[in-house]
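Visitor: What follows is start.csv, made up of CSV, C-alpha atoms and all ligand atoms:
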```csv
chain,number,residue,atom,x,y,z
V,25,MET,CA,-25.3,-49.8,-71.4
V,26,GLY,CA,-23.4,-51.4,-68.5
V,27,GLU,CA,-23.2,-55.1,-68.6
V,28,ARG,CA,-24.7,-55.3,-65.1
V,29,SER,CA,-28.0,-53.9,-66.1
V,30,ALA,CA,-28.4,-56.3,-69.0
V,31,PRO,CA,-30.6,-59.3,-68.0
V,32,ARG,CA,-28.6,-62.5,-68.2
V,33,LEU,CA,-30.5,-65.5,-69.5
V,34,THR,CA,-29.7,-68.0,-66.9
V,35,ARG,CA,-30.9,-71.6,-67.3
V,36,ARG,CA,-33.4,-71.1,-64.6
V,37,ARG,CA,-34.7,-67.9,-66.3
V,38,ALA,CA,-34.9,-69.7,-69.6
V,39,LEU,CA,-37.0,-72.5,-68.0
V,40,GLU,CA,-39.3,-69.9,-66.4
V,41,LEU,CA,-39.8,-68.1,-69.8
V,42,ALA,CA,-40.5,-71.5,-71.4
V,43,SER,CA,-43.2,-72.3,-68.9
V,44,VAL,CA,-44.8,-68.8,-69.3
V,45,ALA,CA,-44.8,-69.4,-73.1
V,46,ALA,CA,-46.4,-72.8,-72.6
V,47,ALA,CA,-49.0,-71.3,-70.3
V,48,ALA,CA,-49.7,-68.6,-72.9
V,49,GLY,CA,-50.2,-71.2,-75.5
V,50,LEU,CA,-52.7,-73.0,-73.2
V,51,VAL,CA,-54.6,-69.8,-72.6
V,52,ALA,CA,-54.7,-69.2,-76.3
V,53,ASN,CA,-56.0,-72.7,-76.9
V,54,ARG,CA,-58.6,-72.4,-74.2
V,55,SER,CA,-59.9,-69.2,-75.6
V,56,ILE,CA,-61.1,-71.0,-78.7
V,57,ALA,CA,-64.6,-72.0,-77.7
V,58,GLN,CA,-64.8,-75.8,-77.1
V,59,SER,CA,-68.0,-77.3,-78.0
V,60,SER,CA,-69.3,-80.4,-76.2
V,61,VAL,CA,-71.4,-82.8,-78.2
V,62,VAL,CA,-72.1,-81.7,-81.8
V,63,GLN,CA,-74.8,-83.5,-83.8
V,64,ILE,CA,-74.0,-83.8,-87.5
V,65,ASN,CA,-76.7,-82.6,-89.8
V,66,PRO,CA,-76.3,-85.0,-92.7
V,67,ASP,CA,-77.6,-82.7,-95.3
V,68,THR,CA,-76.0,-79.3,-94.4
V,69,ASP,CA,-72.7,-80.3,-92.8
V,70,VAL,CA,-69.6,-81.1,-94.8
V,71,PHE,CA,-66.3,-82.6,-93.6
V,72,ILE,CA,-63.2,-81.1,-95.3
V,73,VAL,CA,-60.2,-83.3,-95.0
V,74,VAL,CA,-57.0,-81.4,-95.6
V,75,ASP,CA,-53.8,-82.7,-97.3
V,76,VAL,CA,-53.4,-86.2,-95.9
V,77,GLN,CA,-50.6,-86.9,-98.4
V,78,TYR,CA,-47.4,-88.9,-98.1
V,79,ASP,CA,-45.1,-85.9,-98.0
V,80,PHE,CA,-46.8,-84.7,-94.8
V,81,LEU,CA,-46.6,-88.1,-93.2
V,82,PRO,CA,-43.6,-89.7,-91.4
V,83,GLY,CA,-40.9,-90.4,-94.0
V,84,GLY,CA,-42.3,-87.7,-96.4
V,85,ASN,CA,-40.4,-84.6,-97.6
V,86,LEU,CA,-42.3,-82.2,-95.3
V,87,ALA,CA,-43.2,-84.7,-92.5
V,88,VAL,CA,-45.6,-83.3,-89.9
V,89,PRO,CA,-44.6,-84.7,-86.5
V,90,LYS,CA,-47.0,-87.6,-85.7
V,91,GLY,CA,-49.0,-86.7,-88.9
V,92,ASP,CA,-50.0,-90.4,-89.3
V,93,GLU,CA,-52.0,-90.1,-86.0
V,94,VAL,CA,-54.7,-88.2,-87.9
V,95,ILE,CA,-55.6,-91.0,-90.2
V,96,LYS,CA,-57.7,-93.2,-87.8
V,97,PRO,CA,-59.7,-90.3,-86.4
V,98,ILE,CA,-60.3,-88.9,-89.9
V,99,ASN,CA,-61.5,-92.3,-91.2
V,100,ASP,CA,-63.8,-92.7,-88.2
V,101,LEU,CA,-65.2,-89.2,-88.5
V,102,ALA,CA,-65.7,-89.5,-92.3
V,103,ASP,CA,-67.9,-92.5,-91.7
V,104,ARG,CA,-70.3,-90.3,-89.7
V,105,PHE,CA,-70.7,-87.7,-92.5
V,106,LYS,CA,-72.8,-88.0,-95.6
V,107,HIS,CA,-70.7,-85.4,-97.4
V,108,VAL,CA,-66.9,-85.3,-97.4
V,109,VAL,CA,-64.5,-83.3,-99.6
V,110,MET,CA,-60.7,-83.4,-99.6
V,111,THR,CA,-57.9,-81.0,-100.4
V,112,GLN,CA,-54.6,-81.9,-102.0
V,113,ASP,CA,-51.4,-79.9,-102.0
V,114,TRP,CA,-50.3,-80.0,-105.7
V,115,HIS,CA,-47.2,-78.2,-106.8
V,116,PRO,CA,-45.2,-78.1,-110.1
V,117,GLU,CA,-41.5,-78.7,-109.9
V,118,GLY,CA,-39.7,-75.5,-109.1
V,119,HIS,CA,-42.7,-74.1,-107.2
V,120,ILE,CA,-42.1,-70.6,-105.7
V,121,SER,CA,-42.7,-72.0,-102.2
V,122,PHE,CA,-39.7,-74.4,-102.4
V,123,ALA,CA,-36.4,-73.2,-100.8
V,124,SER,CA,-34.7,-74.9,-103.7
V,125,SER,CA,-36.2,-72.3,-106.1
V,126,HIS,CA,-34.4,-69.5,-104.3
V,127,LYS,CA,-30.6,-69.3,-104.4
V,128,GLY,CA,-29.0,-69.3,-101.0
V,129,LYS,CA,-32.2,-70.1,-99.2
V,130,LYS,CA,-33.0,-73.0,-97.0
V,131,PRO,CA,-36.3,-74.6,-95.8
V,132,PHE,CA,-38.2,-72.6,-93.2
V,133,ASP,CA,-36.5,-69.3,-94.3
V,134,VAL,CA,-39.1,-66.6,-94.9
V,135,ILE,CA,-38.9,-64.3,-98.0
V,136,ASP,CA,-40.9,-61.4,-99.4
V,137,LEU,CA,-42.9,-62.2,-102.5
V,138,PRO,CA,-45.2,-59.8,-104.4
V,139,TYR,CA,-48.2,-61.1,-102.4
V,140,GLY,CA,-46.5,-61.0,-99.0
V,141,LYS,CA,-44.3,-63.2,-96.7
V,142,GLN,CA,-43.7,-66.7,-97.8
V,143,VAL,CA,-42.2,-69.5,-95.7
V,144,LEU,CA,-39.9,-71.6,-97.8
V,145,TRP,CA,-40.4,-75.4,-97.7
V,146,PRO,CA,-38.5,-78.5,-98.8
V,147,ASP,CA,-39.7,-79.7,-102.2
V,148,HIS,CA,-43.0,-81.4,-101.5
V,149,CYS,CA,-46.2,-82.6,-103.1
V,150,ILE,CA,-44.9,-82.4,-106.6
V,151,TRP,CA,-47.8,-83.3,-108.8
V,152,ASP,CA,-47.9,-86.9,-109.9
V,153,SER,CA,-45.2,-87.9,-107.4
V,154,LYS,CA,-45.7,-90.5,-104.7
V,155,GLY,CA,-45.4,-87.7,-102.1
V,156,ALA,CA,-48.4,-85.9,-103.5
V,157,GLU,CA,-50.7,-89.0,-103.3
V,158,PHE,CA,-53.1,-89.4,-100.5
V,159,SER,CA,-52.1,-92.0,-98.0
V,160,GLU,CA,-53.6,-95.4,-98.9
V,161,ALA,CA,-54.6,-95.7,-95.3
V,162,VAL,CA,-57.1,-92.9,-95.8
V,163,ASP,CA,-60.4,-94.8,-96.4
V,164,ILE,CA,-63.1,-92.4,-97.5
V,165,PRO,CA,-64.8,-94.0,-100.6
V,166,HIS,CA,-67.6,-91.5,-100.3
V,167,ASN,CA,-65.3,-88.5,-100.7
V,168,GLN,CA,-67.1,-86.3,-103.3
V,169,LEU,CA,-64.5,-83.8,-104.4
V,170,ILE,CA,-60.7,-83.3,-104.5
V,171,ILE,CA,-59.8,-79.7,-104.6
V,172,ARG,CA,-56.1,-79.2,-105.7
V,173,LYS,CA,-54.2,-76.1,-104.6
V,174,GLY,CA,-50.7,-74.6,-105.1
V,175,PHE,CA,-50.6,-75.6,-108.8
V,176,ASP,CA,-49.8,-72.0,-109.9
V,177,PRO,CA,-45.9,-72.0,-110.1
V,178,LYS,CA,-45.9,-68.4,-108.7
V,179,ILE,CA,-48.5,-68.6,-105.9
V,180,ASP,CA,-48.7,-70.8,-102.9
V,181,SER,CA,-52.0,-71.9,-101.4
V,182,TYR,CA,-52.3,-73.2,-97.8
V,183,SER,CA,-56.1,-72.6,-97.9
V,184,GLY,CA,-58.4,-74.8,-99.8
V,185,PHE,CA,-60.5,-71.7,-100.6
V,186,VAL,CA,-58.2,-68.7,-101.5
V,187,GLU,CA,-54.6,-68.8,-102.7
V,188,ALA,CA,-51.8,-66.9,-100.9
V,189,ASP,CA,-52.2,-63.8,-103.0
V,190,ARG,CA,-55.6,-63.6,-101.1
V,191,LYS,CA,-57.4,-63.0,-104.4
V,192,THR,CA,-57.3,-66.1,-106.5
V,193,ARG,CA,-60.2,-68.4,-105.5
V,194,THR,CA,-60.2,-72.2,-105.9
V,195,GLY,CA,-63.9,-72.4,-106.4
V,196,LEU,CA,-64.5,-74.4,-103.2
V,197,ALA,CA,-66.8,-71.8,-101.5
V,198,GLY,CA,-69.0,-71.6,-104.6
V,199,TYR,CA,-69.1,-75.4,-104.7
V,200,LEU,CA,-70.1,-75.8,-101.1
V,201,LYS,CA,-72.7,-73.0,-101.2
V,202,GLU,CA,-74.2,-74.3,-104.4
V,203,ARG,CA,-74.6,-77.7,-102.6
V,204,GLY,CA,-76.4,-76.0,-99.7
V,205,PHE,CA,-73.9,-76.7,-97.0
V,206,LYS,CA,-74.0,-74.4,-94.0
V,207,ARG,CA,-71.3,-75.8,-91.6
V,208,ALA,CA,-67.8,-77.1,-92.3
V,209,PHE,CA,-65.8,-79.5,-90.1
V,210,VAL,CA,-62.1,-79.3,-90.8
V,211,ALA,CA,-59.3,-81.7,-90.0
V,212,GLY,CA,-56.0,-82.9,-91.4
V,213,LEU,CA,-52.5,-81.6,-91.9
V,214,ALA,CA,-51.1,-79.3,-90.9
V,215,THR,CA,-53.0,-77.5,-88.1
V,216,ASP,CA,-51.0,-74.3,-88.4
V,217,PHE,CA,-50.9,-74.0,-92.2
V,218,CYS,CA,-53.3,-75.7,-94.5
V,219,VAL,CA,-55.9,-76.7,-91.8
V,220,GLY,CA,-55.8,-73.2,-90.1
V,221,TRP,CA,-56.0,-71.2,-93.3
V,222,THR,CA,-58.7,-73.5,-94.7
V,223,ALA,CA,-60.8,-73.1,-91.5
V,224,LEU,CA,-60.3,-69.3,-91.5
V,225,ASP,CA,-61.4,-69.0,-95.1
V,226,ALA,CA,-64.4,-71.4,-94.5
V,227,LYS,CA,-65.5,-69.1,-91.7
V,228,ALA,CA,-64.9,-65.9,-93.8
V,229,ALA,CA,-66.9,-67.5,-96.7
V,230,GLY,CA,-69.9,-67.7,-94.3
V,231,PHE,CA,-69.8,-71.3,-93.1
V,232,GLU,CA,-70.0,-72.1,-89.4
V,233,THR,CA,-66.6,-73.7,-88.9
V,234,ILE,CA,-65.5,-76.4,-86.4
V,235,VAL,CA,-61.9,-77.8,-86.3
V,236,VAL,CA,-61.6,-81.3,-85.0
V,237,GLU,CA,-58.5,-81.0,-82.9
V,238,ASP,CA,-57.4,-84.6,-82.4
V,239,ALA,CA,-57.8,-85.2,-86.2
V,240,CYS,CA,-55.1,-82.6,-86.9
V,241,ARG,CA,-51.3,-82.3,-86.3
V,242,GLY,CA,-49.1,-79.2,-86.6
V,243,ILE,CA,-45.7,-78.3,-88.0
V,244,ASP,CA,-45.1,-75.6,-85.4
V,245,ALA,CA,-42.5,-73.4,-87.1
V,246,ALA,CA,-41.6,-70.4,-84.9
V,247,GLY,CA,-44.7,-70.4,-82.8
V,248,SER,CA,-47.1,-71.0,-85.7
V,249,LEU,CA,-49.2,-73.5,-83.9
V,250,ALA,CA,-50.2,-71.2,-81.0
V,251,LYS,CA,-50.8,-68.4,-83.5
V,252,ALA,CA,-53.1,-70.5,-85.6
V,253,TRP,CA,-55.3,-71.4,-82.6
V,254,LYS,CA,-55.4,-67.8,-81.6
V,255,ASP,CA,-56.3,-66.6,-85.1
V,256,MET,CA,-59.0,-69.3,-85.3
V,257,ALA,CA,-60.4,-68.3,-81.8
V,258,GLU,CA,-60.5,-64.7,-82.8
V,259,ALA,CA,-62.4,-65.5,-86.0
V,260,GLY,CA,-65.1,-67.4,-84.1
V,261,ILE,CA,-64.1,-70.9,-85.1
V,262,THR,CA,-64.9,-73.6,-82.6
V,263,ARG,CA,-62.8,-76.6,-81.9
V,264,THR,CA,-63.9,-80.0,-80.7
V,265,ALA,CA,-62.7,-83.5,-80.2
V,266,SER,CA,-63.8,-86.2,-82.7
V,267,ALA,CA,-65.4,-88.2,-79.9
V,268,ASN,CA,-67.9,-85.3,-79.5
V,269,VAL,CA,-69.0,-85.4,-83.1
V,270,LYS,CA,-72.1,-87.6,-83.3
V,271,ALA,CA,-73.6,-89.1,-86.5
V,272,GLY,CA,-76.8,-87.4,-87.5
V,301,LIG,C1,-48.7,-77.3,-96.1
V,301,LIG,C2,-46.7,-76.2,-96.0
V,301,LIG,C3,-46.6,-76.2,-97.4
V,301,LIG,C4,-49.9,-78.0,-95.4
V,301,LIG,C5,-48.7,-77.3,-97.5
V,301,LIG,O1,-50.5,-78.8,-95.9
V,301,LIG,O2,-50.1,-77.6,-94.2
V,301,LIG,N1,-47.8,-76.8,-95.4
V,301,LIG,N2,-47.6,-76.7,-98.1
V,302,ZN,ZN,-47.3,-76.9,-100.2
```
Please express what this file holds, its structure, as structure tokens.
Ligand code: VGL
Ligand code: ZN
Guide:
Amino acid sequence: MGERSAPRLTRRRALELASVAAAAGLVANRSIAQSSVVQINPDTDVFIVVDVQYDFLPGGNLAVPKGDEVIKPINDLADRFKHVVMTQDWHPEGHISFASSHKGKKPFDVIDLPYGKQVLWPDHCIWDSKGAEFSEAVDIPHNQLIIRKGFDPKIDSYSGFVEADRKTRTGLAGYLKERGFKRAFVAGLATDFCVGWTALDAKAAGFETIVVEDACRGIDAAGSLAKAWKDMAEAGITRTASANVKAG
């Protein structure tokens, strides 16, 4: 191949590509149906608050950019719900999802495990460490359940429902069904990992699912944020803004 025919990535071309990518992201976001006002049904709606733990907040070991900005909308939203449950990322030391557990690997590398691809993370949310605690700014005294996930040393779990082997269930779907909930509102950290997977599995378990966008923040590793919104849109999950969620 002659050098002349190879496209050269000029600065201008790079900027053009970046704006196309940004536009594609916007299109992907728009394609997820946006609801206007949603009235909470106090008895059949549940609010699932995902992983608002110190390690995902600024200063934490796996800090999500602006992760602290979810706390106020989450507290305000939680006040409007009668029923709230929370998830907590909860790993033993030496967990398989930690880059430090794999010789020569670094955070954000991707490896193959028996259950599929695994992004490797900095050590985070080690059980009983400060980083695994919920932020003390989270103010939800009426929270009814804490579902811990990722405690199996060999299996990660972004989802609050099903672990990364896509077989092991946490029990959350059974719990929510037994309590008669029909619709799940989901928010927290991080949009593209634990919030996204939890929302997808809530929907797959038969709950109508709404993600409250301004009460989430993403990590965005290698395009993961746009992909998460696209996957959620395709699954029929709606998104809304917390201002649209009205107490029932
Ligand atoms: C999460 C990466 C690893 C999350 C948890 O809460 O989104 N992300 N563990
Ligand atoms: Zn984790």
Visitor: Write out as a PyMOL selection string each polymer residue (protein, DNA or RNA) that has an atom no more than 8 Å from ligand ZN 302 (chain V), with all atoms listed in the file counted.
Guide: chain V and resi 113-115+121+145+148-149+174+180-182
Visitor: Can you work out which one of V:Ile164, V:Ala239, V:Ile150, V:Ala265 has the shortest atom-to-atom distance to Leu86 (chain V), counting all atoms listed in the file?
Guide: V:Ile150
Visitor: Env of Val70 (chain V): 10 Å cut, atoms = only C-alpha atoms, seq-sep filter 5 positions within chain, self excluded. Answer as a compact mmCIF listing (two decimals) with C-alpha atoms, keeping the file's coordinate frame.
Guide:
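As a result, result14.txt now contains:
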```txt
# COMPACT_ATOMS: atom_id res chain seq x y z
CA ILE V 64 -74.00 -83.80 -87.50
CA ASN V 65 -76.70 -82.60 -89.80
CA ALA V 102 -65.70 -89.50 -92.30
CA PHE V 105 -70.70 -87.70 -92.50
CA LYS V 106 -72.80 -88.00 -95.60
CA HIS V 107 -70.70 -85.40 -97.40
CA VAL V 108 -66.90 -85.30 -97.40
CA VAL V 109 -64.50 -83.30 -99.60
CA LEU V 200 -70.10 -75.80 -101.10
CA ARG V 203 -74.60 -77.70 -102.60
CA GLY V 204 -76.40 -76.00 -99.70
CA PHE V 205 -73.90 -76.70 -97.00
CA LYS V 206 -74.00 -74.40 -94.00
CA ARG V 207 -71.30 -75.80 -91.60
CA ALA V 208 -67.80 -77.10 -92.30
CA PHE V 209 -65.80 -79.50 -90.10
CA VAL V 210 -62.10 -79.30 -90.80
CA PHE V 231 -69.80 -71.30 -93.10
CA THR V 233 -66.60 -73.70 -88.90
```
Visitor: Quick one: distance from CA of Gly140 (chain V) to CA of Asp152 (chain V) in Å, one decimal?
Guide: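 Answer for the CA of Gly140 (chain V) to CA of Asp152 (chain V) separation: 28.1 Å.
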Visitor: One decimal, Å: what's the distance from CA of Ala87 (chain V) over to CA of Ala229 (chain V), could you say?
Guide: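 Calculated distance between CA of Ala87 (chain V) and CA of Ala229 (chain V) is 29.6 Å.
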Visitor: I'd like the neighbourhood of Gln63 (chain V) as a list in words, where a residue qualifies if any of its atoms comes within 10 Å (using only C-alpha atoms), though same-chain residues fewer than 3 positions away should be ignored.
Guide: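 Within the cut-off, the hits are Ser60, Pro66, Asp69, Asn268, Val269, Lys270, Ala271 and Gly272 of chain V.
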Visitor: Would you list the residues that come within 10 Å of ligand LIG 301 (chain V)? Count all atoms listed in the file and give the answer as a ChimeraX atom specification.
Guide: /V:74-77,79-80,86-88,111-115,121-122,132,142-149,173-174,180-184,212-222,241-243
Visitor: With C-alpha atoms retained, write the just-selected residues as a PDB file, in the coordinates of the input.
Guide:
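Contents of part29.pdb, as written:
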```pdb
ATOM      1  CA  VAL V  74     -57.000 -81.400 -95.600  1.00  0.00           C
ATOM      2  CA  ASP V  75     -53.800 -82.700 -97.300  1.00  0.00           C
ATOM      3  CA  VAL V  76     -53.400 -86.200 -95.900  1.00  0.00           C
ATOM      4  CA  GLN V  77     -50.600 -86.900 -98.400  1.00  0.00           C
ATOM      5  CA  ASP V  79     -45.100 -85.900 -98.000  1.00  0.00           C
ATOM      6  CA  PHE V  80     -46.800 -84.700 -94.800  1.00  0.00           C
ATOM      7  CA  LEU V  86     -42.300 -82.200 -95.300  1.00  0.00           C
ATOM      8  CA  ALA V  87     -43.200 -84.700 -92.500  1.00  0.00           C
ATOM      9  CA  VAL V  88     -45.600 -83.300 -89.900  1.00  0.00           C
ATOM     10  CA  THR V 111     -57.900 -81.000-100.400  1.00  0.00           C
ATOM     11  CA  GLN V 112     -54.600 -81.900-102.000  1.00  0.00           C
ATOM     12  CA  ASP V 113     -51.400 -79.900-102.000  1.00  0.00           C
ATOM     13  CA  TRP V 114     -50.300 -80.000-105.700  1.00  0.00           C
ATOM     14  CA  HIS V 115     -47.200 -78.200-106.800  1.00  0.00           C
ATOM     15  CA  SER V 121     -42.700 -72.000-102.200  1.00  0.00           C
ATOM     16  CA  PHE V 122     -39.700 -74.400-102.400  1.00  0.00           C
ATOM     17  CA  PHE V 132     -38.200 -72.600 -93.200  1.00  0.00           C
ATOM     18  CA  GLN V 142     -43.700 -66.700 -97.800  1.00  0.00           C
ATOM     19  CA  VAL V 143     -42.200 -69.500 -95.700  1.00  0.00           C
ATOM     20  CA  LEU V 144     -39.900 -71.600 -97.800  1.00  0.00           C
ATOM     21  CA  TRP V 145     -40.400 -75.400 -97.700  1.00  0.00           C
ATOM     22  CA  PRO V 146     -38.500 -78.500 -98.800  1.00  0.00           C
ATOM     23  CA  ASP V 147     -39.700 -79.700-102.200  1.00  0.00           C
ATOM     24  CA  HIS V 148     -43.000 -81.400-101.500  1.00  0.00           C
ATOM     25  CA  CYS V 149     -46.200 -82.600-103.100  1.00  0.00           C
ATOM     26  CA  LYS V 173     -54.200 -76.100-104.600  1.00  0.00           C
ATOM     27  CA  GLY V 174     -50.700 -74.600-105.100  1.00  0.00           C
ATOM     28  CA  ASP V 180     -48.700 -70.800-102.900  1.00  0.00           C
ATOM     29  CA  SER V 181     -52.000 -71.900-101.400  1.00  0.00           C
ATOM     30  CA  TYR V 182     -52.300 -73.200 -97.800  1.00  0.00           C
ATOM     31  CA  SER V 183     -56.100 -72.600 -97.900  1.00  0.00           C
ATOM     32  CA  GLY V 184     -58.400 -74.800 -99.800  1.00  0.00           C
ATOM     33  CA  GLY V 212     -56.000 -82.900 -91.400  1.00  0.00           C
ATOM     34  CA  LEU V 213     -52.500 -81.600 -91.900  1.00  0.00           C
ATOM     35  CA  ALA V 214     -51.100 -79.300 -90.900  1.00  0.00           C
ATOM     36  CA  THR V 215     -53.000 -77.500 -88.100  1.00  0.00           C
ATOM     37  CA  ASP V 216     -51.000 -74.300 -88.400  1.00  0.00           C
ATOM     38  CA  PHE V 217     -50.900 -74.000 -92.200  1.00  0.00           C
ATOM     39  CA  CYS V 218     -53.300 -75.700 -94.500  1.00  0.00           C
ATOM     40  CA  VAL V 219     -55.900 -76.700 -91.800  1.00  0.00           C
ATOM     41  CA  GLY V 220     -55.800 -73.200 -90.100  1.00  0.00           C
ATOM     42  CA  TRP V 221     -56.000 -71.200 -93.300  1.00  0.00           C
ATOM     43  CA  THR V 222     -58.700 -73.500 -94.700  1.00  0.00           C
ATOM     44  CA  ARG V 241     -51.300 -82.300 -86.300  1.00  0.00           C
ATOM     45  CA  GLY V 242     -49.100 -79.200 -86.600  1.00  0.00           C
ATOM     46  CA  ILE V 243     -45.700 -78.300 -88.000  1.00  0.00           C
TER      47      ILE V 243
END
```
Visitor: Residues within 12 Å of Ser125 (chain V), please, as an MDAnalysis selection string. Count all atoms listed in the file; anything in the same chain fewer than 5 positions from it doesn't count.
Guide: chainID V and resid 116:120 130:131 135 144:147 177:178
Visitor: CA of Ile171 (chain V) and CA of Gly195 (chain V), how far apart in Å?
Guide: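 Taking CA of Gly195 (chain V) as the start and CA of Ile171 (chain V) as the end point, the length is 8.6 Å.
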Visitor: Could you tell me which of V:Val235, V:Leu81, V:Cys240, V:Ala211 comes closest to Ala161 (chain V) if we count only C-alpha atoms?
Guide: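 Among the listed residues, V:Leu81 lies closest to Ala161 (chain V).
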Visitor: Taking the point (-63.0, -81.3, -79.8) as given in the file, collect each protein or nucleic acid residue that comes within 10 Å of it, counting all atoms listed in the file, and present the set as a VMD selection string.
Guide: chain V and resid 57 to 62 234 to 239 262 to 269
Visitor: For Asp176 (chain V), which residue among V:Trp151, V:Tyr199, V:Tyr78, V:Phe71 is the nearest when counting all atoms listed in the file?
Guide: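 Once distances to Asp176 (chain V) are computed over all atoms listed in the file, the minimum belongs to V:Trp151.
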Visitor: When distances are computed from only C-alpha atoms, which of V:Tyr139, V:Trp253, V:Phe175, V:Phe158 shows the smallest separation from Met110 (chain V)?
Guide: V:Phe158
Visitor: Pick from V:Ala228, V:Leu137, V:Ser248, V:Ala223: nearest to Ile72 (chain V), with only C-alpha atoms counted?
Guide: V:Ala223
Visitor: Can I get region 189-204 of chain V with N, CA, C and O atoms filled in, as a PDB file, keeping the file's coordinate frame?
Guide:
```
ATOM      1  N   ASP V 189     -52.115 -65.204-102.581  1.00  0.00           N
ATOM      2  CA  ASP V 189     -52.200 -63.800-103.000  1.00  0.00           C
ATOM      3  C   ASP V 189     -53.494 -63.167-102.407  1.00  0.00           C
ATOM      4  O   ASP V 189     -53.711 -61.978-102.524  1.00  0.00           O
ATOM      5  N   ARG V 190     -54.307 -64.015-101.749  1.00  0.00           N
ATOM      6  CA  ARG V 190     -55.600 -63.600-101.100  1.00  0.00           C
ATOM      7  C   ARG V 190     -56.595 -63.091-102.104  1.00  0.00           C
ATOM      8  O   ARG V 190     -57.532 -62.385-101.715  1.00  0.00           O
ATOM      9  N   LYS V 191     -56.408 -63.431-103.364  1.00  0.00           N
ATOM     10  CA  LYS V 191     -57.400 -63.000-104.400  1.00  0.00           C
ATOM     11  C   LYS V 191     -57.869 -64.192-105.208  1.00  0.00           C
ATOM     12  O   LYS V 191     -59.060 -64.302-105.468  1.00  0.00           O
ATOM     13  N   THR V 192     -56.939 -65.057-105.629  1.00  0.00           N
ATOM     14  CA  THR V 192     -57.300 -66.100-106.500  1.00  0.00           C
ATOM     15  C   THR V 192     -58.112 -67.197-105.745  1.00  0.00           C
ATOM     16  O   THR V 192     -57.639 -67.729-104.740  1.00  0.00           O
ATOM     17  N   ARG V 193     -59.323 -67.470-106.212  1.00  0.00           N
ATOM     18  CA  ARG V 193     -60.200 -68.400-105.500  1.00  0.00           C
ATOM     19  C   ARG V 193     -60.157 -69.774-106.151  1.00  0.00           C
ATOM     20  O   ARG V 193     -60.018 -69.887-107.364  1.00  0.00           O
ATOM     21  N   THR V 194     -60.263 -70.786-105.323  1.00  0.00           N
ATOM     22  CA  THR V 194     -60.200 -72.200-105.900  1.00  0.00           C
ATOM     23  C   THR V 194     -61.536 -72.629-106.392  1.00  0.00           C
ATOM     24  O   THR V 194     -61.604 -73.633-107.102  1.00  0.00           O
ATOM     25  N   GLY V 195     -62.609 -71.952-105.989  1.00  0.00           N
ATOM     26  CA  GLY V 195     -63.900 -72.400-106.400  1.00  0.00           C
ATOM     27  C   GLY V 195     -64.649 -73.187-105.272  1.00  0.00           C
ATOM     28  O   GLY V 195     -65.836 -73.504-105.382  1.00  0.00           O
ATOM     29  N   LEU V 196     -63.933 -73.515-104.199  1.00  0.00           N
ATOM     30  CA  LEU V 196     -64.500 -74.400-103.200  1.00  0.00           C
ATOM     31  C   LEU V 196     -65.712 -73.724-102.455  1.00  0.00           C
ATOM     32  O   LEU V 196     -66.711 -74.398-102.192  1.00  0.00           O
ATOM     33  N   ALA V 197     -65.632 -72.425-102.183  1.00  0.00           N
ATOM     34  CA  ALA V 197     -66.800 -71.800-101.500  1.00  0.00           C
ATOM     35  C   ALA V 197     -68.003 -71.826-102.353  1.00  0.00           C
ATOM     36  O   ALA V 197     -69.096 -72.139-101.861  1.00  0.00           O
ATOM     37  N   GLY V 198     -67.838 -71.551-103.640  1.00  0.00           N
ATOM     38  CA  GLY V 198     -69.000 -71.600-104.600  1.00  0.00           C
ATOM     39  C   GLY V 198     -69.574 -72.993-104.625  1.00  0.00           C
ATOM     40  O   GLY V 198     -70.798 -73.171-104.571  1.00  0.00           O
ATOM     41  N   TYR V 199     -68.701 -73.983-104.688  1.00  0.00           N
ATOM     42  CA  TYR V 199     -69.100 -75.400-104.700  1.00  0.00           C
ATOM     43  C   TYR V 199     -69.953 -75.756-103.489  1.00  0.00           C
ATOM     44  O   TYR V 199     -71.053 -76.292-103.577  1.00  0.00           O
ATOM     45  N   LEU V 200     -69.392 -75.420-102.330  1.00  0.00           N
ATOM     46  CA  LEU V 200     -70.100 -75.800-101.100  1.00  0.00           C
ATOM     47  C   LEU V 200     -71.384 -75.067-100.921  1.00  0.00           C
ATOM     48  O   LEU V 200     -72.371 -75.625-100.432  1.00  0.00           O
ATOM     49  N   LYS V 201     -71.405 -73.808-101.358  1.00  0.00           N
ATOM     50  CA  LYS V 201     -72.700 -73.000-101.200  1.00  0.00           C
ATOM     51  C   LYS V 201     -73.706 -73.553-102.195  1.00  0.00           C
ATOM     52  O   LYS V 201     -74.870 -73.708-101.824  1.00  0.00           O
ATOM     53  N   GLU V 202     -73.275 -73.842-103.401  1.00  0.00           N
ATOM     54  CA  GLU V 202     -74.200 -74.300-104.400  1.00  0.00           C
ATOM     55  C   GLU V 202     -74.864 -75.645-103.924  1.00  0.00           C
ATOM     56  O   GLU V 202     -76.014 -75.945-104.238  1.00  0.00           O
ATOM     57  N   ARG V 203     -74.103 -76.406-103.145  1.00  0.00           N
ATOM     58  CA  ARG V 203     -74.600 -77.700-102.600  1.00  0.00           C
ATOM     59  C   ARG V 203     -75.434 -77.528-101.363  1.00  0.00           C
ATOM     60  O   ARG V 203     -75.965 -78.503-100.841  1.00  0.00           O
ATOM     61  N   GLY V 204     -75.508 -76.297-100.866  1.00  0.00           N
ATOM     62  CA  GLY V 204     -76.400 -76.000 -99.700  1.00  0.00           C
ATOM     63  C   GLY V 204     -75.788 -76.310 -98.359  1.00  0.00           C
ATOM     64  O   GLY V 204     -76.510 -76.381 -97.359  1.00  0.00           O
TER      65      GLY V 204
END
```
